[in-house]
Amino acid sequence: MSPRSDPNDLLQGTLAILILKALLPGSAHGYGIARWIEDATADVLRIEEGSLYPALRRLEDRKWVSSEWGLSENNRRARFYNITTAGRKHLRDEAAVWLRYSQAVTRVLRTAPAIT
Amino acid sequence: MSDAPRWRRYLRLVRRDVAADVDDELAFHLAMRVERNAALGMTPDAARREAMERFGDVNHVREQLVAHDARRQATEERTEYFRDLVQDLRFGVRSLRRAPAFAAATILTLALCIGANAAIFSVVDAIVLRPLPYSHPEQLVSIGTGAAAGEFLALRERLRSFSQLAAWVEQTHPIDDGQQSLRVEGAAVTTNLLPMLGVAPQLGRGFLDEEGQPGKNNVLLISDAIWRTHFGEARDVVGKRILLEGVPHTIVGVMPHDFHFPATTTEYWQPGAFNPSNVGATWGVWDKKIIGRVASGVSVERATREVRDVWPTLRPLNPLWDPGPDYRRDVAPQPLQATVVGPTGRLLWILFGCVVLVLLIGCVNVANLLLARATARERELAVRAALGGGRGRLVRQLLAESLLLSVAGASLGFGVSDLALRWLLAAMPPGIPRANEIAVNGSVLLFTAGVALATGILFGIVPALRATSANQRPSAAGAGRRASRDAQHHRVSGVLVAAEVAFAVLLVVAASLLVRSFTALQHVRLGFDSSHVIAARITPPNGRYRDTSRVSALYEGLRGRLGTLPGVTSVAVTDKLPIAQVVYGAALRVQGQYEDAKHILPSIGHLQDITPEYFATMGIPLLHGRGFTDADRGGQPLVAIVSQSVARRYWPNGDALGKHIAPPWDSPWMTIVGIVPDTKQDSLRDTSRTSVYVPWAQSTLRYTNEMWVVARTTGDPAPYAAALRSVVRDLDRSVAVSDVRTMEAVVSDSVRKARFTMLLVGAFAAAALLLGAIGIYGVMSYLVGQRMQEMGIRIALGASARGVIGLVVGRATRLSSLGAIIGLVAALVTTRWLATLLYDVSATDPVTFVTTPLLFLLVAAIASCGPAWRATRVDPVRALRAE
């Protein structure tokens, strides 16, 4: 993983990537991000939704994400998050590392003898 | 959030708390999830439960977020604050550089005012505020003065609240350093005094306990000053034997340079030896001063209460006489610091008050300048406001500018204070306690910084608020609006002028009271003629002059030799020189009126031993009877001469000559043979007027061999000083000569403190007057400038030049009168603090209280003449077009 990442478990980094990816199409509030992850992973990665918010704060501290208050689709006051330019760049880097890593692991697992 | 919308800042201004935002965000999330669950067909309960389950620990998340957001908000506010501050300061520097004359005038005014304040404060700090330089000075209590050794020993046994008690007596003895005999001030101290204060010698050792016994106390500690000037800082001075009163004493140590106890003039210390078996010395001599160290854990209040309770109970201990029911009822123990500082403390606070007033006046002047400047910058401020500078921000900007000015003023003022302090130290009258400790230090720096900050805000806030409030209105408003806004400005200027005049009046009243009382002192009738007289103190060492005939021979020889010097018309010897020393009152028995020593006897001014030529030498005329002659000597009938007031008091019919008086102790009657006028005795303020003179040759009550010699000369007496010294040296090298001064110098030295106070307060008052005049001139110029149009119209409508001048000058004098009235009321309330410094002038002296306001009206009229004259030169046509 990139040296800038938290020395936390895999999920921390994963969660950051998921959030940034969720914000790529446009700004969203926390619930929106949760819903996007739910749909995108077909609810396979059941993340604890509460952990989204501390993660968002950390991303904000690193200036990968910005936030502002606005009105939601049903006219409620909600905090909307945006991915910043630095955030996009980070996502690209992280994605590349992740893909290389998972390809390597996949290749290892595919070599003989096959796992039963 | 660096690019947060504007309104968020204002939200933060009212400090909307971050917890509410976090709650909103989380509540929104949960609500959305519950709605979706419900839409999927769950029951409301299940929907909520499922939402909570998905979310996890809500409270934990909430706490995490609130803590995080609060931290972030604080950081942002700090950054924003500093960014704004730097911007404001940069802006301030730029705008001040565009107005160098204004900046220079302001900074200079502030530098002088702040510098004077810092200088006076360093004196106040060193003398009054800073703790004494001893260990745990707060525990040191001055228990009492004028105590007998027996009382000290008894108190030491009985007082429970004190861990230690020590005593001392100030004494003056001739010291012979090998080359010359010097009269040096010192102190006899109990051996525990120095350890009790927590001070040790820098060289050698302190006193041993056994050195406090009679016969073993021939040891000395000397001051750093004596060590340097007379022993060349030689380290082998310890162990050296020198003559004190003609008796060899061993120097055991040198005290540190900053040790000055009990006075700044104390040059040596000797163990005081108590011999309880000598009842007369133990109970008959009431000259000891007692201090104590309060035991730890005991309050100073409790300790002083114990002293007040215990001391009067010692009454039966006195074996010599019964001191009476009022014995020691009036003891007033107090912290040692209060005793050391004494009345100087009040004087310093008065000076400090005066210099603060000058600073306030300076601030008002600067505020006026800023106000005028803010008006001139109206357009600039309007533009800034239009570009979105909120009022708070603009006020801050203007305040930053004034703080910049005050900090620059204070920095320069710090240099000024150094110069002022040097002058103060040089001009300060001698005898100021702790004067050696005066220095610019951390607390003075802190004070100066505090003053800079306070003045910056003080003179900046009014103009800043005024300027920005005018700013809220469109600057293109019509003439009517402009007039009303101008009226407001004028009112503020008016208040400032009135305040300034009030402060200045207060100072000038104080100064003129001091000047008047000093003048009164200068014109005091001395009762003697101080011109053409030189005096000197002669101190023969007791060790060589135990025999009274030797003493008489010394002074006879001195009278004879001095009398033959060319230009000397008469020479006399006396035990007390008027004005030069404190004179203690004495009681008197009067035959046929107050005879019995057991009665309470009337107190007279003093009893003075003189030689026959004293009256001629001092220029005191004989009113009735005869003077003394050489025939009035021991063995002959005892005679006395009294001052006029004594004669009038006891013999109102004018038949004092031939009557008999005597001192209270067991002594024979003396016959009054002459009457002389009253003379001032211990100071120019002396009001006792009563003196009894006796021939020295008949005096049987000599405490000391030390006498004053006075000589009248035909020409300037000052050059006789050297001759006087050499005559004494030729007679006996071991006799010390000191205080060789003309009588005129004696008199003028006695009022040095009064002169110093008067000069200082006078300087402050002069500064106040000048600043006040500048302030009035500035405001009137500004007002005339603002009302050019009005003046033009008035002139166009036929107003005479005199009318226009009257208008301007009238306004200035009206404002000053208002200020003067306020100042006078303040003076009425505060000048009683000066009462102890005044002589022959009431603290509410009518002359001062009438002339001072008149002076200010005159100053106001003169200061406004220039602007008024300019007003008459207004060209009506141009003034009207200008709008």
# chains A, B, ... in the order shown; residues from 1 in each chain; ligands from 1

call {"tool": "residues_around", "arguments": {"residues": "region 47-59 of chain A", "least_positions_apart": "5", "cutoff": "7 Å", "atoms": "only C-alpha atoms", "output": "list of chain:residue names"}}
result
A:Ala16, A:Ala34, A:Trp64, A:Val65, B:Arg54, B:Phe55, B:Gly56, B:Asp57, B:Val58, B:Val61, B:Leu65

call {"tool": "closest_atom_pairs", "arguments": {"of": "chain B", "to": "chain A", "cutoff": "10 Å", "atoms": "only C-alpha atoms", "output": "Markdown table"}}
result
| residue | atom | partner | partner_atom | distance |
| --- | --- | --- | --- | --- |
| B:Met1 | CA | A:Ser66 | CA | 6.4 |
| B:Ser2 | CA | A:Ser66 | CA | 9.0 |
| B:Asp3 | CA | A:Ser66 | CA | 9.2 |
| B:Ala4 | CA | A:Glu68 | CA | 7.3 |
| B:Pro5 | CA | A:Glu68 | CA | 8.5 |
| B:Arg8 | CA | A:Trp69 | CA | 9.7 |
| B:Asp21 | CA | A:Arg79 | CA | 8.9 |
| B:Val22 | CA | A:Arg79 | CA | 9.5 |
| B:Asp24 | CA | A:Ala78 | CA | 7.5 |
| B:Glu25 | CA | A:Ala78 | CA | 6.1 |
| B:Leu26 | CA | A:Gly30 | CA | 8.6 |
| B:Ala27 | CA | A:Ala78 | CA | 9.5 |
| B:Phe28 | CA | A:Ala78 | CA | 6.7 |
| B:His29 | CA | A:Tyr31 | CA | 5.1 |
| B:Leu30 | CA | A:Tyr31 | CA | 8.1 |
| B:Ala31 | CA | A:Tyr31 | CA | 9.5 |
| B:Met32 | CA | A:Tyr31 | CA | 7.2 |
| B:Arg33 | CA | A:Tyr31 | CA | 7.6 |
| B:Ala51 | CA | A:Glu49 | CA | 9.2 |
| B:Met52 | CA | A:Gly50 | CA | 9.2 |
| B:Glu53 | CA | A:Glu48 | CA | 8.3 |
| B:Arg54 | CA | A:Glu48 | CA | 5.7 |
| B:Phe55 | CA | A:Glu49 | CA | 4.4 |
| B:Gly56 | CA | A:Gly50 | CA | 5.5 |
| B:Asp57 | CA | A:Gly50 | CA | 6.9 |
| B:Val58 | CA | A:Gly50 | CA | 6.7 |
| B:Asn59 | CA | A:Gly50 | CA | 9.7 |
| B:His60 | CA | A:Gly50 | CA | 9.0 |
| B:Val61 | CA | A:Gly50 | CA | 6.3 |
| B:Arg62 | CA | A:Gly50 | CA | 8.9 |
| B:Gln64 | CA | A:Pro54 | CA | 7.2 |
| B:Leu65 | CA | A:Pro54 | CA | 6.5 |
| B:His68 | CA | A:Arg57 | CA | 7.8 |
| B:Asp69 | CA | A:Arg57 | CA | 8.4 |
| B:Arg72 | CA | A:Asp61 | CA | 8.8 |

call {"tool": "residues_around", "arguments": {"residues": "Thr264 (chain B)", "least_positions_apart": "2", "cutoff": "8 Å", "atoms": "only C-alpha atoms", "output": "list in words"}}
result
His260, Phe261, Pro262, Thr266, Gly431, Pro433, Arg434, Ala435 and Asn436 of chain B

call {"tool": "select_by_dssp", "arguments": {"residues": "chain A", "states": "strand (DSSP E)", "output": "list in words"}}
result
Ala28, His29, Val65, Ser66, Ser67, Glu68, Trp69, Gly70, Leu71, Arg77, Ala78, Arg79, Phe80, Tyr81, Asn82 and Ile83 of chain A

call {"tool": "write_last_selection", "arguments": {"atoms": "C-alpha atoms", "output": "short mmCIF file (atom, residue, chain, number, x, y, z; two decimals), in the first residue's frame"}}
result
data_model
loop_
_atom_site.label_atom_id
_atom_site.label_comp_id
_atom_site.auth_asym_id
_atom_site.auth_seq_id
_atom_site.Cartn_x
_atom_site.Cartn_y
_atom_site.Cartn_z
CA ALA A 28 -22.89 12.87 -2.44
CA HIS A 29 -23.88 12.82 1.21
CA VAL A 65 -12.36 15.29 -0.14
CA SER A 66 -14.13 18.59 0.57
CA SER A 67 -17.55 19.11 2.07
CA GLU A 68 -20.31 21.67 2.26
CA TRP A 69 -23.83 21.87 3.54
CA GLY A 70 -26.64 21.72 1.07
CA LEU A 71 -30.14 20.42 0.51
CA ARG A 77 -30.18 19.85 5.27
CA ALA A 78 -27.35 17.46 4.50
CA ARG A 79 -23.61 17.56 4.26
CA PHE A 80 -22.34 16.86 0.75
CA TYR A 81 -18.90 15.52 0.01
CA ASN A 82 -16.85 16.17 -3.14
CA ILE A 83 -13.72 14.53 -4.41
#

call {"tool": "atom_distance", "arguments": {"atom1": "CA of Ala420 (chain B)", "atom2": "CA of Gly115 (chain B)"}}
result
7.5 Å

call {"tool": "residues_around", "arguments": {"residues": "region 37-40 of chain A", "least_positions_apart": "6", "cutoff": "8 Å", "atoms": "only C-alpha atoms", "output": "ChimeraX atom specification"}}
result
/A:18-19,22,46

call {"tool": "write_last_selection", "arguments": {"atoms": "C-alpha atoms", "output": "compact mmCIF listing (two decimals), in the first residue's frame"}}
result
# COMPACT_ATOMS: atom_id res chain seq x y z
CA LEU A 18 -14.52 2.85 -2.06
CA ILE A 19 -15.51 6.32 -0.83
CA ALA A 22 -18.25 6.59 -4.91
CA ARG A 46 -21.21 -5.16 4.35

call {"tool": "residues_around", "arguments": {"residues": "Ser748 (chain B)", "least_positions_apart": "3", "cutoff": "10 Å", "atoms": "only C-alpha atoms", "output": "list in words"}}
result
Leu521, Gln522, Ile579, Leu684, Thr742, Met743, Glu744, Ala745, Val751, Arg752 and Arg755 of chain B

call {"tool": "select_by_dssp", "arguments": {"residues": "region 54-114 of chain A", "states": "alpha helix (DSSP H)", "output": "PyMOL selection string"}}
result
chain A and resi 54-61+85-110

call {"tool": "write_last_selection", "arguments": {"atoms": "N, CA and C atoms", "output": "compact mmCIF listing (two decimals), in the first residue's frame"}}
result
# COMPACT_ATOMS: atom_id res chain seq x y z
N PRO A 54 -16.03 8.78 10.17
CA PRO A 54 -14.63 9.04 10.54
C PRO A 54 -13.72 8.93 9.32
N ALA A 55 -14.00 7.99 8.43
CA ALA A 55 -13.18 7.83 7.23
C ALA A 55 -13.26 9.08 6.37
N LEU A 56 -14.49 9.63 6.23
CA LEU A 56 -14.65 10.86 5.45
C LEU A 56 -13.85 12.00 6.06
N ARG A 57 -13.86 12.11 7.41
CA ARG A 57 -13.10 13.18 8.07
C ARG A 57 -11.60 13.03 7.76
N ARG A 58 -11.13 11.78 7.81
CA ARG A 58 -9.71 11.57 7.53
C ARG A 58 -9.37 11.98 6.11
N LEU A 59 -10.27 11.64 5.18
CA LEU A 59 -10.04 12.02 3.78
C LEU A 59 -10.05 13.54 3.63
N GLU A 60 -10.94 14.17 4.39
CA GLU A 60 -11.04 15.63 4.34
C GLU A 60 -9.74 16.26 4.87
N ASP A 61 -9.23 15.68 5.98
CA ASP A 61 -7.98 16.19 6.55
C ASP A 61 -6.85 16.11 5.54
N THR A 85 -9.23 17.36 -6.68
CA THR A 85 -8.28 16.94 -7.71
C THR A 85 -7.25 16.00 -7.11
N ALA A 86 -6.78 16.40 -5.88
CA ALA A 86 -5.79 15.55 -5.21
C ALA A 86 -6.40 14.20 -4.91
N GLY A 87 -7.69 14.19 -4.60
CA GLY A 87 -8.40 12.94 -4.30
C GLY A 87 -8.43 12.03 -5.51
N ARG A 88 -8.70 12.63 -6.68
CA ARG A 88 -8.73 11.83 -7.91
C ARG A 88 -7.38 11.18 -8.19
N LYS A 89 -6.33 12.00 -7.97
CA LYS A 89 -5.00 11.49 -8.24
C LYS A 89 -4.69 10.33 -7.29
N HIS A 90 -5.07 10.52 -6.04
CA HIS A 90 -4.81 9.49 -5.04
C HIS A 90 -5.56 8.21 -5.41
N LEU A 91 -6.80 8.39 -5.83
CA LEU A 91 -7.61 7.23 -6.20
C LEU A 91 -6.94 6.46 -7.34
N ARG A 92 -6.45 7.24 -8.37
CA ARG A 92 -5.77 6.59 -9.50
C ARG A 92 -4.59 5.77 -9.02
N ASP A 93 -3.76 6.40 -8.17
CA ASP A 93 -2.56 5.71 -7.67
C ASP A 93 -2.94 4.46 -6.90
N GLU A 94 -3.88 4.62 -5.99
CA GLU A 94 -4.29 3.51 -5.14
C GLU A 94 -4.86 2.37 -5.96
N ALA A 95 -5.68 2.76 -6.95
CA ALA A 95 -6.33 1.75 -7.80
C ALA A 95 -5.27 0.92 -8.52
N ALA A 96 -4.23 1.64 -9.04
CA ALA A 96 -3.17 0.94 -9.77
C ALA A 96 -2.47 -0.06 -8.87
N VAL A 97 -2.11 0.43 -7.67
CA VAL A 97 -1.45 -0.46 -6.71
C VAL A 97 -2.34 -1.66 -6.41
N TRP A 98 -3.59 -1.39 -6.14
CA TRP A 98 -4.57 -2.43 -5.77
C TRP A 98 -4.71 -3.47 -6.87
N LEU A 99 -4.83 -2.95 -8.10
CA LEU A 99 -5.04 -3.88 -9.22
C LEU A 99 -3.81 -4.78 -9.40
N ARG A 100 -2.60 -4.14 -9.36
CA ARG A 100 -1.38 -4.94 -9.50
C ARG A 100 -1.32 -6.00 -8.42
N TYR A 101 -1.64 -5.60 -7.23
CA TYR A 101 -1.57 -6.46 -6.06
C TYR A 101 -2.54 -7.63 -6.22
N SER A 102 -3.78 -7.30 -6.61
CA SER A 102 -4.77 -8.38 -6.68
C SER A 102 -4.47 -9.32 -7.85
N GLN A 103 -3.92 -8.71 -8.97
CA GLN A 103 -3.54 -9.59 -10.09
C GLN A 103 -2.46 -10.56 -9.66
N ALA A 104 -1.48 -10.01 -8.89
CA ALA A 104 -0.38 -10.87 -8.46
C ALA A 104 -0.91 -11.99 -7.59
N VAL A 105 -1.78 -11.63 -6.63
CA VAL A 105 -2.33 -12.64 -5.74
C VAL A 105 -3.12 -13.68 -6.53
N THR A 106 -3.92 -13.18 -7.51
CA THR A 106 -4.73 -14.08 -8.33
C THR A 106 -3.83 -15.07 -9.06
N ARG A 107 -2.70 -14.49 -9.63
CA ARG A 107 -1.79 -15.35 -10.39
C ARG A 107 -1.21 -16.44 -9.48
N VAL A 108 -0.83 -16.04 -8.29
CA VAL A 108 -0.26 -17.00 -7.34
C VAL A 108 -1.26 -18.11 -7.05
N LEU A 109 -2.50 -17.68 -6.86
CA LEU A 109 -3.51 -18.67 -6.48
C LEU A 109 -3.83 -19.62 -7.64
N ARG A 110 -3.65 -19.10 -8.91
CA ARG A 110 -3.98 -19.92 -10.07
C ARG A 110 -2.90 -20.95 -10.38

call {"tool": "residues_around", "arguments": {"residues": "Ala868 (chain B)", "least_positions_apart": "5", "cutoff": "9 Å", "atoms": "only C-alpha atoms", "output": "ChimeraX atom specification"}}
result
/B:780-781,784,804-809

call {"tool": "atom_distance", "arguments": {"atom1": "CA of Asp176 (chain B)", "atom2": "CA of Arg537 (chain B)"}}
result
16.3 Å

call {"tool": "atom_distance", "arguments": {"atom1": "CA of Val551 (chain B)", "atom2": "CA of Val728 (chain B)"}}
result
13.0 Å

call {"tool": "closest_residue", "arguments": {"among": "B:Thr679, B:Ser122, B:Ser816, B:Gln581", "to": "Ser493 (chain B)", "atoms": "only C-alpha atoms"}}
result
B:Ser816
